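Undergrad: Following this message is one structure expressed as C-alpha cells.
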Amino acid sequence: MEERQALASFGALSQESRLQIVRMLVVAGPDGMSAGSIAERLEASPSNVSFHLKELDRAGLIGQQREARSIIYTANYDALSGLVRFLLEDCCAGHPDICKPMSCKSEANTNGKPIV
C-alpha cells in the first residue's frame, strides 16, 4: 500500500461511525450487511449511514454488491490487511521478535476470516 492510500484509509477510519461500520463488516464476513441493517445496529438514520458508507467505499475499505433490491456491503479484507502491513512494514527491521506475536495470530486463525 502506498502512503497516499494509507492516508485516505486512515482519514476514512478516523470517524467513530465509520470505524464501527468497518468492524461490523469484518465480523459479518463475506455475507456482508445491507445498509438498513447497518443503520439499525448503529441506531443511525439511513442517510447518515449512506454518507459514511460512501466515504469508506471511496477509501477502498469496503465493497458493495447489489442483491435484488438491496446493496450488500462487505469489508475489503485485502485493503484492510494492506493497511496493517503498511503500519508494520518497518516494524521488524532487525527485531523479528516484535512482529512474531502478530504472525502467530494470523497462523492461528481457523475461521477463514483474515485477522486485521
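Following the order of the C-alpha cells, first chain is A, next is B, and so on, with residues numbered from 1 inside each chain and ligands from 1 in the order they appear.
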Which residues in range 2-108 of chain A does DSSP call helix (DSSP H, G or I)? List them as a compact mmCIF listing (two decimals) with N, CA, C and O atoms, in the first residue's frame.
TA:
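So the final result, stored in out24.txt, reads:
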# COMPACT_ATOMS: atom_id res chain seq x y z
N GLU A 3 1.61 5.34 0.57
CA GLU A 3 1.30 6.28 1.63
C GLU A 3 0.01 7.05 1.35
O GLU A 3 -0.80 7.27 2.26
N ARG A 4 -0.22 7.44 0.12
CA ARG A 4 -1.43 8.20 -0.23
C ARG A 4 -2.70 7.38 0.09
O ARG A 4 -3.66 7.90 0.65
N GLN A 5 -2.67 6.09 -0.27
CA GLN A 5 -3.83 5.23 0.02
C GLN A 5 -3.98 5.03 1.53
O GLN A 5 -5.09 5.01 2.05
N ALA A 6 -2.86 4.87 2.23
CA ALA A 6 -2.93 4.72 3.69
C ALA A 6 -3.55 5.96 4.34
O ALA A 6 -4.39 5.84 5.24
N LEU A 7 -3.17 7.13 3.87
CA LEU A 7 -3.74 8.36 4.41
C LEU A 7 -5.24 8.44 4.16
O LEU A 7 -6.01 8.85 5.05
N ALA A 8 -5.67 8.05 2.98
CA ALA A 8 -7.11 8.04 2.68
C ALA A 8 -7.84 7.05 3.58
O ALA A 8 -8.93 7.33 4.09
N SER A 9 -7.23 5.90 3.80
CA SER A 9 -7.84 4.88 4.67
C SER A 9 -7.93 5.37 6.11
O SER A 9 -8.99 5.25 6.75
N PHE A 10 -6.84 5.93 6.62
CA PHE A 10 -6.87 6.44 7.99
C PHE A 10 -7.86 7.59 8.12
O PHE A 10 -8.56 7.69 9.14
N GLY A 11 -7.95 8.42 7.12
CA GLY A 11 -8.92 9.51 7.14
C GLY A 11 -10.34 8.98 7.23
O GLY A 11 -11.16 9.50 8.00
N ALA A 12 -10.63 7.95 6.46
CA ALA A 12 -11.97 7.37 6.48
C ALA A 12 -12.27 6.71 7.82
O ALA A 12 -13.40 6.77 8.32
N LEU A 13 -11.27 6.10 8.42
CA LEU A 13 -11.47 5.39 9.68
C LEU A 13 -11.43 6.31 10.91
O LEU A 13 -11.72 5.86 12.02
N GLU A 16 -15.90 7.90 14.24
CA GLU A 16 -16.43 6.81 15.07
C GLU A 16 -17.39 5.88 14.33
O GLU A 16 -17.25 4.66 14.38
N SER A 17 -18.37 6.44 13.65
CA SER A 17 -19.36 5.59 12.96
C SER A 17 -18.71 4.76 11.87
O SER A 17 -19.04 3.59 11.70
N ARG A 18 -17.79 5.35 11.13
CA ARG A 18 -17.14 4.61 10.05
C ARG A 18 -16.28 3.48 10.60
O ARG A 18 -16.25 2.38 10.04
N LEU A 19 -15.59 3.73 11.69
CA LEU A 19 -14.80 2.67 12.31
C LEU A 19 -15.71 1.54 12.78
O LEU A 19 -15.43 0.36 12.57
N GLN A 20 -16.85 1.89 13.37
CA GLN A 20 -17.81 0.88 13.81
C GLN A 20 -18.36 0.08 12.63
O GLN A 20 -18.53 -1.14 12.72
N ILE A 21 -18.62 0.76 11.52
CA ILE A 21 -19.14 0.07 10.33
C ILE A 21 -18.12 -0.93 9.82
O ILE A 21 -18.46 -2.08 9.53
N VAL A 22 -16.87 -0.53 9.71
CA VAL A 22 -15.85 -1.44 9.21
C VAL A 22 -15.73 -2.65 10.14
O VAL A 22 -15.66 -3.80 9.67
N ARG A 23 -15.74 -2.41 11.43
CA ARG A 23 -15.64 -3.52 12.37
C ARG A 23 -16.84 -4.46 12.24
O ARG A 23 -16.70 -5.68 12.31
N MET A 24 -18.03 -3.91 12.04
CA MET A 24 -19.23 -4.73 11.83
C MET A 24 -19.09 -5.59 10.59
O MET A 24 -19.43 -6.77 10.59
N LEU A 25 -18.60 -4.96 9.51
CA LEU A 25 -18.47 -5.69 8.25
C LEU A 25 -17.39 -6.76 8.31
O LEU A 25 -17.53 -7.81 7.70
N VAL A 26 -16.35 -6.52 9.07
CA VAL A 26 -15.31 -7.55 9.25
C VAL A 26 -15.93 -8.76 9.93
O VAL A 26 -15.72 -9.90 9.52
N VAL A 27 -16.72 -8.53 10.96
CA VAL A 27 -17.37 -9.62 11.68
C VAL A 27 -18.40 -10.32 10.80
O VAL A 27 -18.54 -11.54 10.84
N ALA A 28 -19.10 -9.55 9.97
CA ALA A 28 -20.14 -10.12 9.10
C ALA A 28 -19.55 -11.08 8.07
O ALA A 28 -20.25 -11.97 7.58
N GLY A 29 -18.29 -10.89 7.74
CA GLY A 29 -17.65 -11.78 6.78
C GLY A 29 -18.11 -11.55 5.36
O GLY A 29 -18.66 -10.50 5.02
N PRO A 30 -17.94 -12.56 4.51
CA PRO A 30 -18.24 -12.40 3.09
C PRO A 30 -19.72 -12.21 2.78
O PRO A 30 -20.07 -11.74 1.71
N ASP A 31 -20.60 -12.54 3.72
CA ASP A 31 -22.04 -12.33 3.50
C ASP A 31 -22.39 -10.85 3.58
O ASP A 31 -23.37 -10.42 2.99
N ALA A 35 -27.31 -1.83 4.02
CA ALA A 35 -27.23 -0.51 4.64
C ALA A 35 -28.28 -0.37 5.73
O ALA A 35 -28.02 0.22 6.79
N GLY A 36 -29.45 -0.93 5.52
CA GLY A 36 -30.51 -0.87 6.52
C GLY A 36 -30.13 -1.58 7.81
O GLY A 36 -30.39 -1.08 8.90
N SER A 37 -29.51 -2.74 7.68
CA SER A 37 -29.07 -3.48 8.86
C SER A 37 -27.98 -2.73 9.61
O SER A 37 -27.96 -2.70 10.84
N ILE A 38 -27.08 -2.12 8.85
CA ILE A 38 -26.00 -1.33 9.47
C ILE A 38 -26.61 -0.15 10.23
O ILE A 38 -26.25 0.11 11.38
N ALA A 39 -27.55 0.54 9.60
CA ALA A 39 -28.19 1.70 10.22
C ALA A 39 -28.91 1.29 11.50
O ALA A 39 -28.83 1.98 12.53
N GLU A 40 -29.58 0.17 11.45
CA GLU A 40 -30.31 -0.33 12.62
C GLU A 40 -29.35 -0.62 13.77
O GLU A 40 -29.60 -0.23 14.91
N ARG A 41 -28.25 -1.29 13.48
CA ARG A 41 -27.29 -1.63 14.54
C ARG A 41 -26.58 -0.41 15.09
O ARG A 41 -26.24 -0.37 16.26
N LEU A 42 -26.37 0.59 14.25
CA LEU A 42 -25.73 1.83 14.72
C LEU A 42 -26.73 2.78 15.36
O LEU A 42 -26.32 3.78 15.95
N PRO A 46 -30.71 6.11 7.93
CA PRO A 46 -30.17 5.54 6.69
C PRO A 46 -29.33 6.54 5.89
O PRO A 46 -28.31 6.17 5.31
N SER A 47 -29.74 7.80 5.86
CA SER A 47 -28.98 8.79 5.09
C SER A 47 -27.61 9.03 5.72
O SER A 47 -26.61 9.19 5.02
N ASN A 48 -27.54 9.02 7.05
CA ASN A 48 -26.27 9.18 7.74
C ASN A 48 -25.35 8.00 7.44
O ASN A 48 -24.16 8.18 7.14
N VAL A 49 -25.89 6.80 7.48
CA VAL A 49 -25.09 5.60 7.20
C VAL A 49 -24.64 5.60 5.75
O VAL A 49 -23.49 5.25 5.45
N SER A 50 -25.50 6.01 4.84
CA SER A 50 -25.12 6.06 3.42
C SER A 50 -23.94 6.99 3.20
O SER A 50 -23.04 6.69 2.42
N PHE A 51 -23.94 8.12 3.90
CA PHE A 51 -22.83 9.06 3.80
C PHE A 51 -21.52 8.37 4.23
O PHE A 51 -20.50 8.46 3.55
N HIS A 52 -21.57 7.68 5.36
CA HIS A 52 -20.36 7.02 5.87
C HIS A 52 -19.93 5.86 4.96
O HIS A 52 -18.73 5.67 4.72
N LEU A 53 -20.89 5.12 4.44
CA LEU A 53 -20.56 4.02 3.53
C LEU A 53 -19.88 4.54 2.27
O LEU A 53 -18.93 3.94 1.77
N LYS A 54 -20.35 5.68 1.78
CA LYS A 54 -19.74 6.28 0.59
C LYS A 54 -18.28 6.63 0.86
O LYS A 54 -17.40 6.40 0.03
N GLU A 55 -18.00 7.19 2.04
CA GLU A 55 -16.62 7.55 2.38
C GLU A 55 -15.73 6.32 2.52
O GLU A 55 -14.58 6.32 2.08
N LEU A 56 -16.25 5.27 3.11
CA LEU A 56 -15.48 4.04 3.26
C LEU A 56 -15.24 3.38 1.90
O LEU A 56 -14.15 2.85 1.64
N ASP A 57 -16.23 3.43 1.03
CA ASP A 57 -16.08 2.88 -0.31
C ASP A 57 -15.05 3.68 -1.09
O ASP A 57 -14.19 3.12 -1.77
N ARG A 58 -15.11 4.99 -0.99
CA ARG A 58 -14.16 5.86 -1.67
C ARG A 58 -12.71 5.56 -1.24
O ARG A 58 -11.79 5.60 -2.04
N TYR A 77 -11.11 -7.06 2.74
CA TYR A 77 -10.05 -7.64 3.57
C TYR A 77 -8.67 -7.38 3.01
O TYR A 77 -7.73 -7.18 3.77
N ASP A 78 -8.54 -7.35 1.70
CA ASP A 78 -7.22 -7.07 1.10
C ASP A 78 -6.75 -5.67 1.48
O ASP A 78 -5.60 -5.47 1.84
N ALA A 79 -7.65 -4.70 1.39
CA ALA A 79 -7.28 -3.32 1.73
C ALA A 79 -6.98 -3.18 3.21
O ALA A 79 -6.01 -2.51 3.60
N LEU A 80 -7.78 -3.81 4.06
CA LEU A 80 -7.55 -3.73 5.50
C LEU A 80 -6.24 -4.40 5.89
O LEU A 80 -5.48 -3.88 6.70
N SER A 81 -5.97 -5.55 5.29
CA SER A 81 -4.70 -6.23 5.55
C SER A 81 -3.53 -5.40 5.05
O SER A 81 -2.48 -5.32 5.70
N GLY A 82 -3.71 -4.76 3.90
CA GLY A 82 -2.67 -3.89 3.36
C GLY A 82 -2.39 -2.72 4.28
O GLY A 82 -1.23 -2.31 4.43
N LEU A 83 -3.42 -2.20 4.91
CA LEU A 83 -3.25 -1.09 5.83
C LEU A 83 -2.44 -1.53 7.06
O LEU A 83 -1.53 -0.83 7.51
N VAL A 84 -2.74 -2.70 7.57
CA VAL A 84 -1.99 -3.23 8.72
C VAL A 84 -0.54 -3.48 8.31
O VAL A 84 0.39 -3.13 9.04
N ARG A 85 -0.36 -4.07 7.14
CA ARG A 85 1.02 -4.31 6.66
C ARG A 85 1.77 -3.00 6.49
O ARG A 85 2.96 -2.91 6.81
N PHE A 86 1.10 -1.96 5.99
CA PHE A 86 1.72 -0.65 5.84
C PHE A 86 2.23 -0.14 7.19
O PHE A 86 3.33 0.37 7.30
N LEU A 87 1.40 -0.30 8.21
CA LEU A 87 1.79 0.16 9.55
C LEU A 87 3.01 -0.59 10.08
O LEU A 87 3.84 -0.03 10.77
N LEU A 88 3.09 -1.87 9.77
CA LEU A 88 4.13 -2.70 10.34
C LEU A 88 5.29 -2.96 9.40
O LEU A 88 6.20 -3.72 9.73
N PRO A 96 12.90 -9.16 14.64
CA PRO A 96 11.76 -10.00 14.22
C PRO A 96 10.89 -10.46 15.39
O PRO A 96 9.72 -10.77 15.19
N ASP A 97 11.41 -10.47 16.60
CA ASP A 97 10.62 -10.89 17.75
C ASP A 97 9.46 -9.93 18.03
O ASP A 97 8.47 -10.31 18.64
N ILE A 98 9.55 -8.69 17.56
CA ILE A 98 8.48 -7.71 17.77
C ILE A 98 7.23 -8.12 17.01
O ILE A 98 6.12 -8.06 17.54
N CYS A 99 7.38 -8.55 15.77
CA CYS A 99 6.22 -8.88 14.93
C CYS A 99 5.77 -10.33 15.06
O CYS A 99 4.71 -10.68 14.58
N LYS A 100 6.55 -11.16 15.69
CA LYS A 100 6.21 -12.58 15.79
C LYS A 100 4.84 -12.83 16.40
O LYS A 100 4.09 -13.64 15.88
N PRO A 101 4.46 -12.16 17.50
CA PRO A 101 3.12 -12.43 18.05
C PRO A 101 2.00 -12.19 17.04
O PRO A 101 1.02 -12.91 17.03
N MET A 102 2.13 -11.19 16.19
CA MET A 102 1.09 -10.91 15.20
C MET A 102 1.05 -11.98 14.13
O MET A 102 -0.01 -12.38 13.68
N SER A 103 2.20 -12.48 13.69
CA SER A 103 2.20 -13.51 12.67
C SER A 103 1.64 -14.80 13.24
O SER A 103 1.01 -15.57 12.53
N CYS A 104 1.82 -15.04 14.52
CA CYS A 104 1.26 -16.23 15.16
C CYS A 104 -0.26 -16.16 15.18
O CYS A 104 -0.92 -17.16 14.98
N LYS A 105 -0.82 -14.97 15.39
CA LYS A 105 -2.28 -14.82 15.40
C LYS A 105 -2.85 -15.15 14.04
O LYS A 105 -3.86 -15.83 13.94
N SER A 106 -2.21 -14.67 12.97
CA SER A 106 -2.77 -14.94 11.64
C SER A 106 -2.65 -16.42 11.30
O SER A 106 -3.51 -16.97 10.64
N GLU A 107 -1.61 -17.10 11.78
CA GLU A 107 -1.48 -18.51 11.54
C GLU A 107 -2.51 -19.32 12.33
O GLU A 107 -2.97 -20.35 11.89
N ALA A 108 -2.90 -18.80 13.50
CA ALA A 108 -3.85 -19.50 14.35
C ALA A 108 -5.29 -19.30 13.91
O ALA A 108 -6.19 -19.95 14.41
Undergrad: Please, which residues of range 11-93 of chain A, numbered as in this document, come out strand (DSSP E) from DSSP, as a PyMOL selection string?
TA: chain A and resi 33-34+62-67+70-75
